[in-house]
Amino acid sequence: MGDTISKTPGASVANVLQGLAEYGQSPWLDFIQRSFTEAGSLKKLVDEDGLRGVTSNPAIFEKAIGSGTEYDPQIRSLLKEGALSPGDLYETLAIDDIRAACAELRPVFDETKGLDGYVSLEVSPYLAFDTEGTIAEARRLWKTVDRENLMIKIPGTAEGAKAVREAIADGINVNVTLLFSLDAYKAVLEAYISGLEERAAKGEEISRIASVASFFVSRIDGKIDGEIDRRVAAGDKDAETLKSLRGKVAIANAKLAYQYYLDIKASDRWKALASKSAQPQRLLWASTGTKDKAYSDVLYVEELIGPETVNTIPPATFDAFRDHGKLRASLTENVEEARHVLAEAERLSLDLAGVTDKLVKDGCSAFSASFDTLLGAVAEKREIVLGQRLLQFSADLPAELRDDVAALENSWNQDGKVRRVWEKDASVWTGGPEGSWLNWLDIVQERLKNVSELEALANDVKSRGFSDILLLGMGGSSLGPEVLGATFGQAVGWPKLHVLDSTDPQQVKTFEQSVDLKKTLFIVASKSGGTLEPNILFAHFWDVAEKALGKAPGEHFIAITDPGSKMQSVAEEHKFWHIFYGDAKIGGRFSVLSNFGLVPAAASGIDVREFLTSTLLMVDSCGASAPAQVNPGVQLGLILGAAATCYRRDKVTILASDGIETVGAWLEQLIAESTGKEGKGLIPIDEETLTTPDHYGTDRVFVDILLGDAKPNSRLAALREAGAPVVTLRLGDEVQLGQAFFVFEFATAVAGSVLRIDPFDQPDVEFSKVETRKLTSAYAETGSLPAETAFAQDGAFSFYADAKNTEALKESDVVEILKAHFGRVSAGDYVGLLAYVERDKETREWLQALRLEVRDALKVATAAEFGPRFLHSTGQAYKGGPDSGVFLQITADDAADIPVPGYGFTFGVVKAAQARGDFEVLSNRGRRALRVHITGSLEEGLKALSTAVRSAIKKG
Ligand SMILES: O=P(O)(O)OC[C@H]1O[C@](O)(CO)[C@@H](O)[C@@H]1O
Ligand SMILES: O=C[C@H](O)[C@H](O)COP(=O)(O)O
């Protein structure tokens with residue numbers, strides 16, 4: 001390594017800081033701040049004090065950027081230019097500061113021929129134990145900052161040391177930070193040397209590469225002194241010797257590290273590199289501000305002065321040293337005494353190895369915590385600047401739940417779970433196949449990149465003059481388009497969007513009659529391509545469209561399906577106008593921001609570019625760099641998860657203001673199908689109008705979704721006062737619906753993690769499908785569905801149940817049966833009314849009125865659902881979720897039926913088979929389930945059923 005300076009030093013300089021140079025030591029500043037650089041203060045230190053470098057770390061940036069308003073103008077202008085996550089914002093600000101400091105230090109770099117003049121920027125502290133991640137980040141930052149006098153700071157953990165070797169071999173200047181022990185230092189010096197050797201072996205030049213090893217000092221005394229004080233206070237027999245070691249161990253440790261440096265410098269191995277003009281990796285004394293006021297405020301500068309070293313000094317210590325620091329060649333003084341100090345420390349079991357080991361870990365987590373705070377502060381500023389452009393999220397929680405959520409936030413931050421979600425790390429959930437279902441995280445960005453294909457579709461649809469779009473699909477494939485169509489309304493010049501997700505023959509007919517078949521664009525949407533409903537709906541509408549158009553209607557059909565599905569080949573065979581593809585790594589219920597929502601949106605004239613651009617803001621708000629406490633997706637998920645797991649508040653009661661009222665149906669399928677399994681989960685309760693607190697149990701969380709300046713539901717205040725958690729999401733306008741989609745998707749994934757389930761499968765839905773298939777196949781073979789026997793019959797009503805339920809309900813009168821059934825409902829339960837009838841205004845009103853009567857009489861949550869629609873939505877949770885549902889399935893004779901072309905059955909048969917399959921699985925799962933079948937007039941039957949239910953639930 002280089003020659004030491006040997007003249008009598010310190011004599012000629014007025015400024016002791018400048019005098020350090022004469023001892024071969026370079027003073028660097030452990031501080032960075034924009035105003036400091038901009039005001040010329042940094043330059044002044046360079047000019048007047050001989051400052052020769054700058055270091056930063058996450059804690060320093062936290063102070064600089066995280067507090068005050070100095071960076072606000074730049075944050076504002078960056079956000080005007082486009083969507084940026086908190087992490088992107090931080091990095092842009094930090095890099096600007098680093099570059100500005102690099103510019104100030106460039107003359108030093110030139111004068112010292114690359115010995116000094118460096119500015120250090122640390123890789124993300126989250127990567128401290130991730131070699132590959134650190135290497136990638138070091139390369140990225142090196143390239144982005146693009147300054148010769150930059151040093152990339154890498155933590156000296158075992159994983160970091162491996163990255164150091166790679167980075168050096170790549171030609172990146174490295175400052176290895178968080179070094180506390182001699183062993184760790186030896187490992188990074190080895191990494192540096194072998195990195196250089198690797199370069200040299202490849203014939204690459206090595207003279208330009210600079211590196212420092214940041215050996216931390218005062219933090220060691222902080223820990224060791226603390227232990228000494230504790231033992232002295234406890235009356236340790238070695239109290240006097242222990243006291244004599246106070247404030248000595250850290251310096252002794254540093255002195256011995258320097259001795260190791262000298263040994264290596266003398267080695268043949270180093271000399272070989274030196275002959276190729278390699279620069280030594282200098283020791284840099286870090287953590288040199290005095291923390292214990294009992295010591296001199298310049299202790300860790302004065303005692304560590306020596307050749308070929310750096311001391312990065314915090315501003316206060318820098319000023320103090322300028323004021324009263326003394327120069328002497330202290331580093332090589334009393335080396336034997338240093339050895340003795342360390343030997344004594346060992347003899348007295350002060351456990352330096354344990355302390356330094358812990359300091360590395362503590363240092364990494366402290367920097368991570370600082371980074372969390374910094375990113376949190378940037379996220380808050382971002383939110384303020386974006387203001388109305390972002391959906392507003394707020395939560396009003398009872399104190400205990402608030403504490404539970406805060407504890408979860410901390411553990412999410414500590415365990416890096418937000419980042420792990422984005423890294424698609426399945427261990428956030430059950431460690432199962434979750435990682436393969438997370439492409440919804442990236443889909444907004446991806447679709448925005450390719451938005452022109454959607455815009456082209458929009459233009460083509462418009463120019464072809466379609467009057468209607470009829471979308472055929474189920475669950476995620478229909479409910480997303482439905483809420484988009486209903487929320488945005490019909491766009492001028494574009495067709496009206498209708499969504500059909502039923503096998504009820506009457507409903508199929510109603511839809512057929514409500515469109516102009518000659519001017520209708522049909523969209524068949526099925527990710528799997530194998531779902532029964534869209535396939536038979538396609539068969540029917542192909543047939544009627546062919547008849548209406550008098551030719552093969554392929555040009556009137558679009559398919560949206562996953563690549564390689566059966567639907568793709570059907571669409572190809574039938575020469576569909578377009579086939580749009582989904583992403584096989586996105587499940588149906590998370591698909592709304594993929595083509596499954598966007599194709600119908602574009603085709604019906606929604607400005608998808610604007611929609612996606614707005615949605616991207618929320619994607620960034622929920623991004624990997626948004627810590628839990630400022631990440632709305634995490635917040636909402638933790639609230640829902642904690643409310644369910646800690647307080648059994650698992651009925652997510654959805655309220656949505658006018659204009660956005662259909663969002664609840666989409667939300668139901670997302671929440672219920674994702675979380676309702678293994679006996680756990682959240683039960684969404686949609687469209688249940690609010691009443692007074694005395695009608696509710698303690699099992700609710702209210703989610704109020706407001707559009708524009710809609711007022712919150714007036715009954716919420718009383719509920720909140722009564723202790724119910726209330727979460728509010730306010731969408732500035734309908735375009736922010738995409739933001740709501742994303743935040744709920746993220747929250748559902750987070751809630752799934754809290755519930756410890758896989759939120760991306762739907763095991764019990766699959767069972768219903770199997771049961772249904774058995775029945776439709778039996779029908780196709782025999783011409784009838786297998787016979788079934790009612791356990792009771794009363795007028796127009798026949799009652800069906802499995803043996804266990806029959807046993808509990810064995811009455812003969814309709815009211816008595818219903819009384820027995822609803823008599824099984826207790827606090828914390830919910831009642832599910834599952835109607836397999838046409839879903840129209842009348843039936844919806846009927847079901848709604850009935851559910852409210854049940855809610856008010858029994859004081860439990862109620863779900864009012866239509867089959868088979870809910871089978872692809874809440875059906876999963878009813879079967880697989882908590883066993884708190886009491887179900888009344890309602891079936892009826894069909895007034896008329898429609899055959900399905902090419903299949904050996906009718907829509908009515910399919911619907912009946914679906915109801916029976918559904919009931920079979922509910923029963924198999926041991927649910928309290930009763931089926932009532934109405935014969936004759938549906939209208940009369942429903943009316944009579946209401947009367948009977950009313951009598952059954954009447955008190956007394
Ligand atoms: O789009 P597909 O494959 O037809 O599925 C429709 C729906 O059925 C389910 O797979 C099960 O209900 C949903 O997740 C999905 O949205
Ligand atoms: O690079 C330097 C370090 O980040 C710094 O010196 C740490 O010092 P501290 O112990 O005062 O935080």
# chains A, B, ... in the order shown; residues from 1 in each chain; ligands from 1

$ select_by_dssp --residues "segment 695-733 of chain A" --states "strand (DSSP E)" --output "list in words"
Arg700, Val701, Phe702, Val703, Asp704, Ile705, Leu706, Leu707, Val726, Val727, Thr728, Leu729, Arg730 and Leu731 of chain A

$ residues_near_ligand --ligand "ligand 1" --cutoff "10 Å" --atoms "only C-alpha atoms and all ligand atoms" --output "JSON, numbers by chain"
{"A": [472, 473, 474, 475, 476, 477, 478, 479, 480, 501, 524, 525, 526, 527, 528, 529, 530, 531, 532, 533, 534, 535, 560, 561, 562, 565, 567, 582, 586, 587, 588, 589, 590, 591, 592, 596, 669, 670, 673, 674, 760, 761, 762, 763, 764, 765, 766, 768, 769, 869, 870, 871, 872, 873, 874, 875, 876]}

$ residues_around --residues "segment 824-836 of chain A" --least-positions-apart "6" --cutoff "6 Å" --atoms "only C-alpha atoms" --output "ChimeraX atom specification"
/A:699,860-867,884-891

$ write_last_selection --atoms "N, CA and C atoms" --output "tab-separated table (two decimals), in the first residue's frame"
chain	number	residue	atom	x	y	z
A	699	ASP	N	-69.98	-8.01	15.57
A	699	ASP	CA	-69.21	-8.75	14.56
A	699	ASP	C	-68.99	-7.96	13.28
A	860	VAL	N	-78.77	-10.05	13.35
A	860	VAL	CA	-77.54	-10.63	12.76
A	860	VAL	C	-77.36	-10.08	11.35
A	861	ALA	N	-76.17	-10.26	10.83
A	861	ALA	CA	-75.89	-9.82	9.47
A	861	ALA	C	-76.64	-10.70	8.48
A	862	THR	N	-77.00	-10.11	7.36
A	862	THR	CA	-77.72	-10.89	6.35
A	862	THR	C	-77.09	-10.71	4.98
A	863	ALA	N	-77.10	-11.79	4.22
A	863	ALA	CA	-76.61	-11.73	2.84
A	863	ALA	C	-77.77	-12.08	1.93
A	864	ALA	N	-78.00	-11.25	0.93
A	864	ALA	CA	-79.12	-11.48	0.00
A	864	ALA	C	-78.51	-11.72	-1.37
A	865	GLU	N	-78.56	-12.96	-1.82
A	865	GLU	CA	-77.80	-13.31	-3.02
A	865	GLU	C	-78.66	-14.04	-4.05
A	866	PHE	N	-78.26	-13.87	-5.31
A	866	PHE	CA	-78.94	-14.59	-6.39
A	866	PHE	C	-78.01	-15.67	-6.95
A	867	GLY	N	-78.61	-16.87	-7.15
A	867	GLY	CA	-77.86	-17.94	-7.78
A	867	GLY	C	-78.15	-17.94	-9.27
A	884	SER	N	-70.60	-19.92	10.46
A	884	SER	CA	-71.54	-19.03	11.16
A	884	SER	C	-72.72	-18.67	10.26
A	885	GLY	N	-72.82	-19.34	9.12
A	885	GLY	CA	-73.91	-19.02	8.19
A	885	GLY	C	-75.11	-19.93	8.41
A	886	VAL	N	-76.28	-19.34	8.32
A	886	VAL	CA	-77.53	-20.12	8.34
A	886	VAL	C	-78.21	-19.80	7.02
A	887	PHE	N	-78.38	-20.80	6.17
A	887	PHE	CA	-78.76	-20.53	4.78
A	887	PHE	C	-80.17	-21.01	4.45
A	888	LEU	N	-80.87	-20.14	3.76
A	888	LEU	CA	-82.16	-20.53	3.19
A	888	LEU	C	-82.00	-20.43	1.68
A	889	GLN	N	-81.96	-21.59	1.04
A	889	GLN	CA	-81.87	-21.58	-0.42
A	889	GLN	C	-83.28	-21.59	-1.00
A	890	ILE	N	-83.52	-20.72	-1.96
A	890	ILE	CA	-84.86	-20.60	-2.54
A	890	ILE	C	-84.79	-20.98	-4.01
A	891	THR	N	-85.52	-22.02	-4.38
A	891	THR	CA	-85.58	-22.39	-5.80
A	891	THR	C	-87.05	-22.35	-6.22

$ closest_residue --among "A:Lys255, A:Leu706, A:Phe576, A:Ala628" --to "Asp372 of chain A" --atoms "only C-alpha atoms"
A:Ala628

$ residues_near_ligand --ligand "ligand 2" --cutoff "7 Å" --atoms "only C-alpha atoms and all ligand atoms" --output "ChimeraX atom specification"
/A:30,55-57,177,214,216,218-219,286-289,312-313

$ write_last_selection --atoms "N, CA and C atoms" --output "PDB file, in the first residue's frame"
ATOM      1  N   ASP A  30     -19.673  13.458   7.754  1.00  0.00           N
ATOM      2  CA  ASP A  30     -20.736  12.455   7.837  1.00  0.00           C
ATOM      3  C   ASP A  30     -22.087  13.169   7.834  1.00  0.00           C
ATOM      4  N   THR A  55     -19.958  11.443   3.514  1.00  0.00           N
ATOM      5  CA  THR A  55     -20.701  10.175   3.601  1.00  0.00           C
ATOM      6  C   THR A  55     -22.141  10.457   3.992  1.00  0.00           C
ATOM      7  N   SER A  56     -22.995   9.597   3.481  1.00  0.00           N
ATOM      8  CA  SER A  56     -24.408   9.693   3.857  1.00  0.00           C
ATOM      9  C   SER A  56     -24.842   8.316   4.334  1.00  0.00           C
ATOM     10  N   ASN A  57     -25.940   8.249   4.986  1.00  0.00           N
ATOM     11  CA  ASN A  57     -26.545   6.968   5.336  1.00  0.00           C
ATOM     12  C   ASN A  57     -28.045   7.184   5.463  1.00  0.00           C
ATOM     13  N   THR A 177     -19.696  -0.400   4.884  1.00  0.00           N
ATOM     14  CA  THR A 177     -20.154   0.243   6.121  1.00  0.00           C
ATOM     15  C   THR A 177     -20.516  -0.792   7.182  1.00  0.00           C
ATOM     16  N   SER A 214     -15.485   1.189   6.419  1.00  0.00           N
ATOM     17  CA  SER A 214     -15.960   2.050   7.509  1.00  0.00           C
ATOM     18  C   SER A 214     -16.060   1.268   8.811  1.00  0.00           C
ATOM     19  N   PHE A 216     -16.741   1.199  12.589  1.00  0.00           N
ATOM     20  CA  PHE A 216     -17.522   2.020  13.524  1.00  0.00           C
ATOM     21  C   PHE A 216     -16.871   2.008  14.910  1.00  0.00           C
ATOM     22  N   SER A 218     -17.661   4.712  18.062  1.00  0.00           N
ATOM     23  CA  SER A 218     -18.331   5.082  19.321  1.00  0.00           C
ATOM     24  C   SER A 218     -19.467   4.140  19.703  1.00  0.00           C
ATOM     25  N   ARG A 219     -20.110   3.541  18.718  1.00  0.00           N
ATOM     26  CA  ARG A 219     -21.227   2.646  19.068  1.00  0.00           C
ATOM     27  C   ARG A 219     -20.742   1.469  19.923  1.00  0.00           C
ATOM     28  N   ALA A 286     -15.661   5.538  11.389  1.00  0.00           N
ATOM     29  CA  ALA A 286     -17.043   6.022  11.340  1.00  0.00           C
ATOM     30  C   ALA A 286     -17.608   5.989  12.753  1.00  0.00           C
ATOM     31  N   SER A 287     -18.767   6.584  12.897  1.00  0.00           N
ATOM     32  CA  SER A 287     -19.392   6.662  14.217  1.00  0.00           C
ATOM     33  C   SER A 287     -18.424   7.344  15.175  1.00  0.00           C
ATOM     34  N   THR A 288     -17.936   8.505  14.784  1.00  0.00           N
ATOM     35  CA  THR A 288     -16.891   9.170  15.572  1.00  0.00           C
ATOM     36  C   THR A 288     -17.410  10.397  16.327  1.00  0.00           C
ATOM     37  N   GLY A 289     -18.720  10.553  16.367  1.00  0.00           N
ATOM     38  CA  GLY A 289     -19.282  11.590  17.243  1.00  0.00           C
ATOM     39  C   GLY A 289     -19.313  11.016  18.654  1.00  0.00           C
ATOM     40  N   THR A 312     -14.702   9.997   9.041  1.00  0.00           N
ATOM     41  CA  THR A 312     -15.894  10.729   8.601  1.00  0.00           C
ATOM     42  C   THR A 312     -16.567  11.273   9.848  1.00  0.00           C
ATOM     43  N   ILE A 313     -16.595  12.586   9.917  1.00  0.00           N
ATOM     44  CA  ILE A 313     -16.894  13.261  11.180  1.00  0.00           C
ATOM     45  C   ILE A 313     -18.253  13.950  11.086  1.00  0.00           C
TER      46      ILE A 313
END

$ atom_distance --atom1 "atom CA of Ile228 of chain A" --atom2 "atom CA of Leu182 of chain A"
21.3 Å

$ atom_distance --atom1 "atom CA of Gly708 of chain A" --atom2 "atom CA of Glu455 of chain A"
26.5 Å

$ closest_residue --among "A:Leu283, A:Leu454, A:Ile536, A:Ile251" --to "Phe907 of chain A" --atoms "only C-alpha atoms"
A:Ile536

$ residues_around --residues "segment 350-358 of chain A" --least-positions-apart "2" --cutoff "7 Å" --atoms "only C-alpha atoms" --output "MDAnalysis selection string"
chainID A and resid 180:181 223:224 345:346 348 360:362

$ write_last_selection --atoms "C-alpha atoms" --output "PDB file, in the first residue's frame"
ATOM      1  CA  PHE A 180     -17.513  -3.408  14.028  1.00  0.00           C
ATOM      2  CA  SER A 181     -15.385  -6.532  14.412  1.00  0.00           C
ATOM      3  CA  LYS A 223     -22.581  -0.902  24.280  1.00  0.00           C
ATOM      4  CA  ILE A 224     -19.499  -2.013  26.246  1.00  0.00           C
ATOM      5  CA  ALA A 345     -12.181  -7.137  28.113  1.00  0.00           C
ATOM      6  CA  GLU A 346     -12.118 -10.774  27.142  1.00  0.00           C
ATOM      7  CA  LEU A 348     -13.728  -9.994  32.172  1.00  0.00           C
ATOM      8  CA  VAL A 360     -24.171  -5.153  13.016  1.00  0.00           C
ATOM      9  CA  LYS A 361     -27.674  -6.513  13.348  1.00  0.00           C
ATOM     10  CA  ASP A 362     -28.867  -3.506  15.335  1.00  0.00           C
TER      11      ASP A 362
END

$ residues_around --residues "Leu304 of chain A" --least-positions-apart "2" --cutoff "9 Å" --atoms "only C-alpha atoms" --output "list in words"
Ile251, Ala254, Lys255, Trp285, Leu299, Tyr300, Val301, Glu302, Gly306, Thr309, Asn311, Ala329, Ser330, Leu331 and Thr332 of chain A

$ write_last_selection --atoms "N, CA and C atoms" --output "tab-separated table (two decimals), in the first residue's frame"
chain	number	residue	atom	x	y	z
A	251	ILE	N	-11.61	2.21	20.80
A	251	ILE	CA	-10.38	2.74	20.18
A	251	ILE	C	-9.34	1.61	20.04
A	254	ALA	N	-10.18	-0.44	17.11
A	254	ALA	CA	-9.84	0.26	15.86
A	254	ALA	C	-8.34	0.20	15.61
A	255	LYS	N	-7.57	0.39	16.67
A	255	LYS	CA	-6.11	0.37	16.50
A	255	LYS	C	-5.63	-0.99	15.98
A	285	TRP	N	-12.70	5.74	9.81
A	285	TRP	CA	-13.30	5.71	11.16
A	285	TRP	C	-14.68	6.34	11.07
A	299	LEU	N	-12.93	12.96	21.17
A	299	LEU	CA	-12.19	11.74	21.52
A	299	LEU	C	-11.89	10.84	20.32
A	300	TYR	N	-12.95	10.58	19.54
A	300	TYR	CA	-12.80	9.59	18.46
A	300	TYR	C	-12.18	10.17	17.19
A	301	VAL	N	-11.78	11.44	17.30
A	301	VAL	CA	-10.96	11.99	16.21
A	301	VAL	C	-9.51	12.01	16.69
A	302	GLU	N	-9.32	12.59	17.86
A	302	GLU	CA	-7.94	12.75	18.36
A	302	GLU	C	-7.21	11.42	18.51
A	306	GLY	N	-3.96	8.77	11.93
A	306	GLY	CA	-2.86	7.97	11.40
A	306	GLY	C	-2.87	7.96	9.89
A	309	THR	N	-5.65	6.88	6.35
A	309	THR	CA	-6.97	6.63	6.94
A	309	THR	C	-7.87	7.82	6.66
A	311	ASN	N	-11.37	9.84	8.46
A	311	ASN	CA	-12.32	9.91	9.57
A	311	ASN	C	-13.53	10.67	9.07
A	329	ALA	N	0.04	11.82	16.20
A	329	ALA	CA	-0.04	10.53	15.49
A	329	ALA	C	-0.49	9.47	16.48
A	330	SER	N	-1.75	9.46	16.79
A	330	SER	CA	-2.26	8.63	17.89
A	330	SER	C	-2.55	7.18	17.50
A	331	LEU	N	-2.82	6.96	16.24
A	331	LEU	CA	-3.31	5.65	15.82
A	331	LEU	C	-2.31	4.52	16.08
A	332	THR	N	-1.05	4.85	15.91
A	332	THR	CA	-0.03	3.81	16.06
A	332	THR	C	0.60	3.84	17.45

$ residues_around --residues "Asp404 of chain A" --least-positions-apart "4" --cutoff "12 Å" --atoms "only C-alpha atoms" --output "NGL selection string"
:A and (397-400 or 408-411 or 635 or 638-647 or 754)

$ closest_residue --among "A:Ala100, A:Ala749, A:Val663, A:Ile95" --to "Ser35 of chain A" --atoms "only C-alpha atoms"
A:Ala100

$ residues_around --residues "Val726 of chain A" --least-positions-apart "6" --cutoff "6 Å" --atoms "only C-alpha atoms" --output "list in words"
Ala395, Asp396, Phe702 and Val703 of chain A

$ write_last_selection --atoms "N, CA and C atoms" --output "mmCIF file, in the first residue's frame"
data_model
loop_
_atom_site.group_PDB
_atom_site.id
_atom_site.type_symbol
_atom_site.label_atom_id
_atom_site.label_comp_id
_atom_site.auth_asym_id
_atom_site.auth_seq_id
_atom_site.Cartn_x
_atom_site.Cartn_y
_atom_site.Cartn_z
ATOM 1 N N ALA A 395 -59.569 5.740 8.573
ATOM 2 C CA ALA A 395 -60.145 4.694 9.417
ATOM 3 C C ALA A 395 -60.418 5.249 10.800
ATOM 4 N N ASP A 396 -61.574 4.918 11.296
ATOM 5 C CA ASP A 396 -61.948 5.329 12.642
ATOM 6 C C ASP A 396 -62.135 4.046 13.439
ATOM 7 N N PHE A 702 -67.460 -1.687 9.237
ATOM 8 C CA PHE A 702 -68.182 -0.984 8.181
ATOM 9 C C PHE A 702 -67.175 -0.346 7.218
ATOM 10 N N VAL A 703 -67.411 -0.561 5.948
ATOM 11 C CA VAL A 703 -66.550 0.036 4.920
ATOM 12 C C VAL A 703 -67.425 0.951 4.076
#

$ closest_residue --among "A:Glu555, A:Glu166, A:Asp758, A:Asp856" --to "His695 of chain A" --atoms "only C-alpha atoms"
A:Asp856

$ select_by_dssp --residues "segment 528-727 of chain A" --states "alpha helix (DSSP H)" --output "PyMOL selection string"
chain A and resi 532-549+566-573+595-603+608-621+632-647+663-675+716-721

$ closest_residue --among "A:Gln793, A:Ser77, A:Gln507, A:Gln33" --to "Lys841 of chain A" --atoms "only C-alpha atoms"
A:Gln507

$ closest_residue --among "A:Lys804, A:Arg756, A:His578, A:Lys449" --to "Gly431 of chain A" --atoms "only C-alpha atoms"
A:Arg756

$ atom_distance --atom1 "atom CA of Pro86 of chain A" --atom2 "atom CA of Ala740 of chain A"
19.2 Å
